[in-house]
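Engineer: Attaching a single structure in structure tokens format; questions to follow.
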Amino acid sequence: MPKPAFVYNVLWAPGVKHGSGRDLPANWKVVDPKRIEGQGTPDNPKIYYVFNQNLYEPKVVRHTKRIVSAVAKTLECTHIWVRGFAHEFTKSVSKSGVKVVKHDHDHITVGYGKKDSTVLWEGHLYVKRFADGSNAPKELTDPKDLPLPNPWLHAPGKLPYDNLPKDYPHTFCLAPNRMYVTILPPPHYHTSPKNSHKL
């Protein structure tokens, strides 16, 4: 089977190069300057709070900023969209169009990019909270304590196959919304990945 030009639903892992991403969704846009922090640089990323962060305790905002900024540096991104402070549920839509709310591990919902109009990575940062009842995130959860990788960030849209490192450990799709496959070893892949995660 020939090597694909593009793959889809790619999960971030060390060594993965981002693709072209997707346009910033309209409901992520923030125009209130009180909900924007930072300068958009590697050392001081610009953070957009997609909701009113001032309704939350300062400790929650402060530690969320610390964690999402550290991940931004790992991703080499300069723009962050915080879509939800640490919470333990996930919203999704079923195949029949019904909105579903499911329990999940504590996580921050977030997006990352290198400019204010494009999202390169999006998903969850799983976190442990402080035990003082503040709901502030203390640190990223060790992936060993989770049934899935952490950070759990996907590249929206298509990604060039060659952007994956040779030791890429996760699954991906060969077309949008198709069956997950994996590479073992690249550039060969099979349809029963033993290293697959429940996606």
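Labels for the structure tokens follow display order: chains A, B, ..., residues from 1 in each chain, ligands from 1.
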I need the residues of segment 6-160 of chain A that end up classed as strand (DSSP E) by DSSP on the backbone, written out as a VMD selection string.

Structural biologist: chain A and resid 6 to 11 22 to 23 36 to 37 46 to 49 79 to 93 99 to 113 118 to 119 121 to 129 137 to 140 152 to 160

Engineer: Identify, with DSSP run on backbone atoms, the residues in chain A assigned to helix (DSSP H, G or I), and express the list as an NGL selection string.

Structural biologist: :A and (26-28 or 33-35 or 53-55 or 58-75 or 143-145 or 161-163)

Engineer: I need the chosen residues saved as a compact mmCIF listing (two decimals), in the first residue's frame, with N, CA and C atoms.

Structural biologist:
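Contents of again.txt, freshly written:
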```
# COMPACT_ATOMS: atom_id res chain seq x y z
N ALA A 26 -15.96 30.68 15.25
CA ALA A 26 -16.56 31.97 15.61
C ALA A 26 -16.84 32.06 17.10
N ASN A 27 -17.22 30.94 17.73
CA ASN A 27 -17.55 31.00 19.15
C ASN A 27 -16.31 30.94 20.06
N TRP A 28 -15.11 30.94 19.47
CA TRP A 28 -13.87 31.05 20.25
C TRP A 28 -13.34 32.47 20.24
N PRO A 33 -10.90 43.04 25.82
CA PRO A 33 -9.49 43.05 26.24
C PRO A 33 -9.28 42.55 27.66
N LYS A 34 -10.32 42.58 28.48
CA LYS A 34 -10.19 42.08 29.86
C LYS A 34 -10.09 40.57 29.90
N ARG A 35 -10.40 39.92 28.78
CA ARG A 35 -10.33 38.45 28.72
C ARG A 35 -9.16 37.98 27.87
N GLN A 53 -13.36 34.81 32.70
CA GLN A 53 -12.51 34.21 33.73
C GLN A 53 -12.61 34.93 35.06
N ASN A 54 -13.09 36.17 35.05
CA ASN A 54 -13.18 36.94 36.29
C ASN A 54 -14.29 36.43 37.22
N LEU A 55 -15.09 35.49 36.75
CA LEU A 55 -16.10 34.88 37.60
C LEU A 55 -15.50 33.78 38.47
N PRO A 58 -9.14 33.87 41.67
CA PRO A 58 -7.84 34.21 41.07
C PRO A 58 -6.86 33.05 41.07
N LYS A 59 -6.93 32.19 42.09
CA LYS A 59 -6.00 31.05 42.14
C LYS A 59 -6.26 30.10 40.97
N VAL A 60 -7.52 29.92 40.62
CA VAL A 60 -7.86 29.05 39.49
C VAL A 60 -7.28 29.62 38.20
N VAL A 61 -7.46 30.92 37.99
CA VAL A 61 -6.96 31.57 36.78
C VAL A 61 -5.44 31.52 36.74
N ARG A 62 -4.80 31.82 37.85
CA ARG A 62 -3.34 31.89 37.91
C ARG A 62 -2.69 30.55 37.58
N HIS A 63 -3.19 29.48 38.18
CA HIS A 63 -2.57 28.17 37.96
C HIS A 63 -2.96 27.58 36.60
N THR A 64 -4.14 27.92 36.11
CA THR A 64 -4.50 27.50 34.76
C THR A 64 -3.55 28.13 33.76
N LYS A 65 -3.29 29.43 33.93
CA LYS A 65 -2.37 30.14 33.05
C LYS A 65 -0.98 29.50 33.10
N ARG A 66 -0.52 29.15 34.27
CA ARG A 66 0.81 28.53 34.41
C ARG A 66 0.90 27.22 33.64
N ILE A 67 -0.13 26.38 33.75
CA ILE A 67 -0.10 25.07 33.12
C ILE A 67 -0.24 25.17 31.61
N VAL A 68 -1.22 25.95 31.15
CA VAL A 68 -1.43 26.03 29.69
C VAL A 68 -0.25 26.70 29.01
N SER A 69 0.41 27.63 29.69
CA SER A 69 1.58 28.31 29.11
C SER A 69 2.76 27.36 29.00
N ALA A 70 2.94 26.49 29.99
CA ALA A 70 4.04 25.52 29.93
C ALA A 70 3.84 24.56 28.76
N VAL A 71 2.61 24.13 28.53
CA VAL A 71 2.34 23.24 27.40
C VAL A 71 2.55 23.98 26.09
N ALA A 72 2.18 25.27 26.04
CA ALA A 72 2.39 26.06 24.83
C ALA A 72 3.87 26.08 24.44
N LYS A 73 4.73 26.17 25.42
CA LYS A 73 6.17 26.19 25.13
C LYS A 73 6.61 24.86 24.53
N THR A 74 6.07 23.76 25.05
CA THR A 74 6.38 22.44 24.50
C THR A 74 5.91 22.32 23.05
N LEU A 75 4.75 22.89 22.77
CA LEU A 75 4.18 22.83 21.42
C LEU A 75 4.77 23.87 20.49
N PRO A 143 0.53 10.57 32.82
CA PRO A 143 -0.17 9.66 31.90
C PRO A 143 -0.30 8.23 32.43
N LYS A 144 0.60 7.85 33.34
CA LYS A 144 0.50 6.50 33.93
C LYS A 144 -0.77 6.34 34.75
N ASP A 145 -1.35 7.46 35.18
CA ASP A 145 -2.58 7.42 35.97
C ASP A 145 -3.83 7.60 35.13
N TYR A 161 1.52 13.30 6.16
CA TYR A 161 2.01 12.05 6.75
C TYR A 161 3.46 12.19 7.21
N ASP A 162 4.24 12.92 6.43
CA ASP A 162 5.66 13.07 6.76
C ASP A 162 5.90 13.93 8.00
N ASN A 163 4.83 14.55 8.55
CA ASN A 163 4.97 15.31 9.80
C ASN A 163 5.01 14.40 11.02
```

Engineer: So which residues touch segment 38-47 of chain A within 6 Å, counting only C-alpha atoms, skipping near sequence neighbours fewer than 5 positions away, as a VMD selection string?

Structural biologist: chain A and resid 78 to 81

Engineer: With N, CA and C atoms retained, could you export that selection as a tab-separated table (two decimals), in the first residue's frame?

Structural biologist:
```
chain	number	residue	atom	x	y	z
A	78	THR	N	2.22	30.15	20.44
A	78	THR	CA	2.23	31.45	21.10
A	78	THR	C	0.83	31.99	21.41
A	79	HIS	N	-0.20	31.27	20.99
A	79	HIS	CA	-1.57	31.69	21.24
A	79	HIS	C	-2.35	30.52	21.85
A	80	ILE	N	-3.12	30.83	22.89
A	80	ILE	CA	-3.84	29.81	23.65
A	80	ILE	C	-5.30	30.25	23.81
A	81	TRP	N	-6.21	29.33	23.58
A	81	TRP	CA	-7.63	29.58	23.87
A	81	TRP	C	-8.06	28.66	25.00
```

Engineer: Pick from A:Leu146, A:Ala175, A:Val110, A:Ala86: nearest to Phe130 of chain A, with only C-alpha atoms counted?

Structural biologist: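 For Phe130 of chain A, the nearest of the candidates is A:Ala86.
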
Engineer: Could you tell me how far atom CA of Ala136 of chain A lies from atom CA of His154 of chain A, in Å and to one decimal?

Structural biologist: 24.4 Å

Engineer: Within 7 Å of Lys102 of chain A, counting only C-alpha atoms, which residues show up once you throw out same-chain ones fewer than 4 positions away? Write them as a list in words, please.

Structural biologist: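 Surrounding residues, per the criterion: Phe89, Thr90 and Lys91 of chain A.
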
Engineer: Select, from A:Tyr8, A:Tyr126, A:Phe172, A:Trp152, the residue with the minimum atom-to-atom distance to Leu140 of chain A, counting only C-alpha atoms.

Structural biologist: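 Closest to Leu140 of chain A, using only C-alpha atoms: A:Tyr126.
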
Engineer: Need to verify the contact set: Gly157 of chain A, 9 Å, only C-alpha atoms, exclusion of same-chain residues closer than 4 positions in sequence. Can you return it as a PyMOL selection string?

Structural biologist: chain A and resi 7-10+19-22+176

Engineer: Keeping only N, CA and C atoms, take the residues you just selected and write them out as a CSV table (one decimal), in the first residue's frame.

Structural biologist:
```csv
chain,number,residue,atom,x,y,z
A,7,VAL,N,-2.9,12.5,6.6
A,7,VAL,CA,-3.6,11.7,7.6
A,7,VAL,C,-4.5,12.6,8.5
A,8,TYR,N,-5.4,12.0,9.2
A,8,TYR,CA,-6.4,12.8,9.9
A,8,TYR,C,-6.5,12.3,11.4
A,9,ASN,N,-7.1,13.2,12.2
A,9,ASN,CA,-7.3,12.8,13.6
A,9,ASN,C,-6.0,12.4,14.3
A,10,VAL,N,-5.0,13.2,14.1
A,10,VAL,CA,-3.7,12.9,14.6
A,10,VAL,C,-3.6,13.5,16.0
A,19,GLY,N,0.2,20.8,11.4
A,19,GLY,CA,-0.2,21.0,10.0
A,19,GLY,C,-0.7,22.5,9.8
A,20,SER,N,-1.6,22.7,8.9
A,20,SER,CA,-2.1,24.0,8.6
A,20,SER,C,-3.2,24.4,9.6
A,21,GLY,N,-3.8,23.4,10.4
A,21,GLY,CA,-4.8,23.7,11.3
A,21,GLY,C,-6.1,24.0,10.7
A,22,ARG,N,-6.9,24.8,11.5
A,22,ARG,CA,-8.3,25.2,11.0
A,22,ARG,C,-8.5,26.6,11.4
A,176,PRO,N,-11.0,11.6,6.5
A,176,PRO,CA,-11.8,12.2,7.6
A,176,PRO,C,-12.9,11.2,8.1
```

Engineer: I'd like to know which of A:Val98, A:Asp23, A:Gly111, A:Ala5 is closest to Val50 of chain A, using only C-alpha atoms.

Structural biologist: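 That would be A:Gly111, the residue with the smallest distance to Val50 of chain A.
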
Engineer: Taking only C-alpha atoms into account, which of A:Ile108, A:His18, A:Pro2, A:Leu11 comes nearest Tyr180 of chain A?

Structural biologist: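 Closest residue, counting only C-alpha atoms: A:Leu11.
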
Engineer: Between atom CA of Leu164 of chain A and atom CA of Phe6 of chain A, what is the distance in Å, rounded to a tenth?

Structural biologist: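 Atom-to-atom, atom CA of Leu164 of chain A to atom CA of Phe6 of chain A, that is 10.3 Å.
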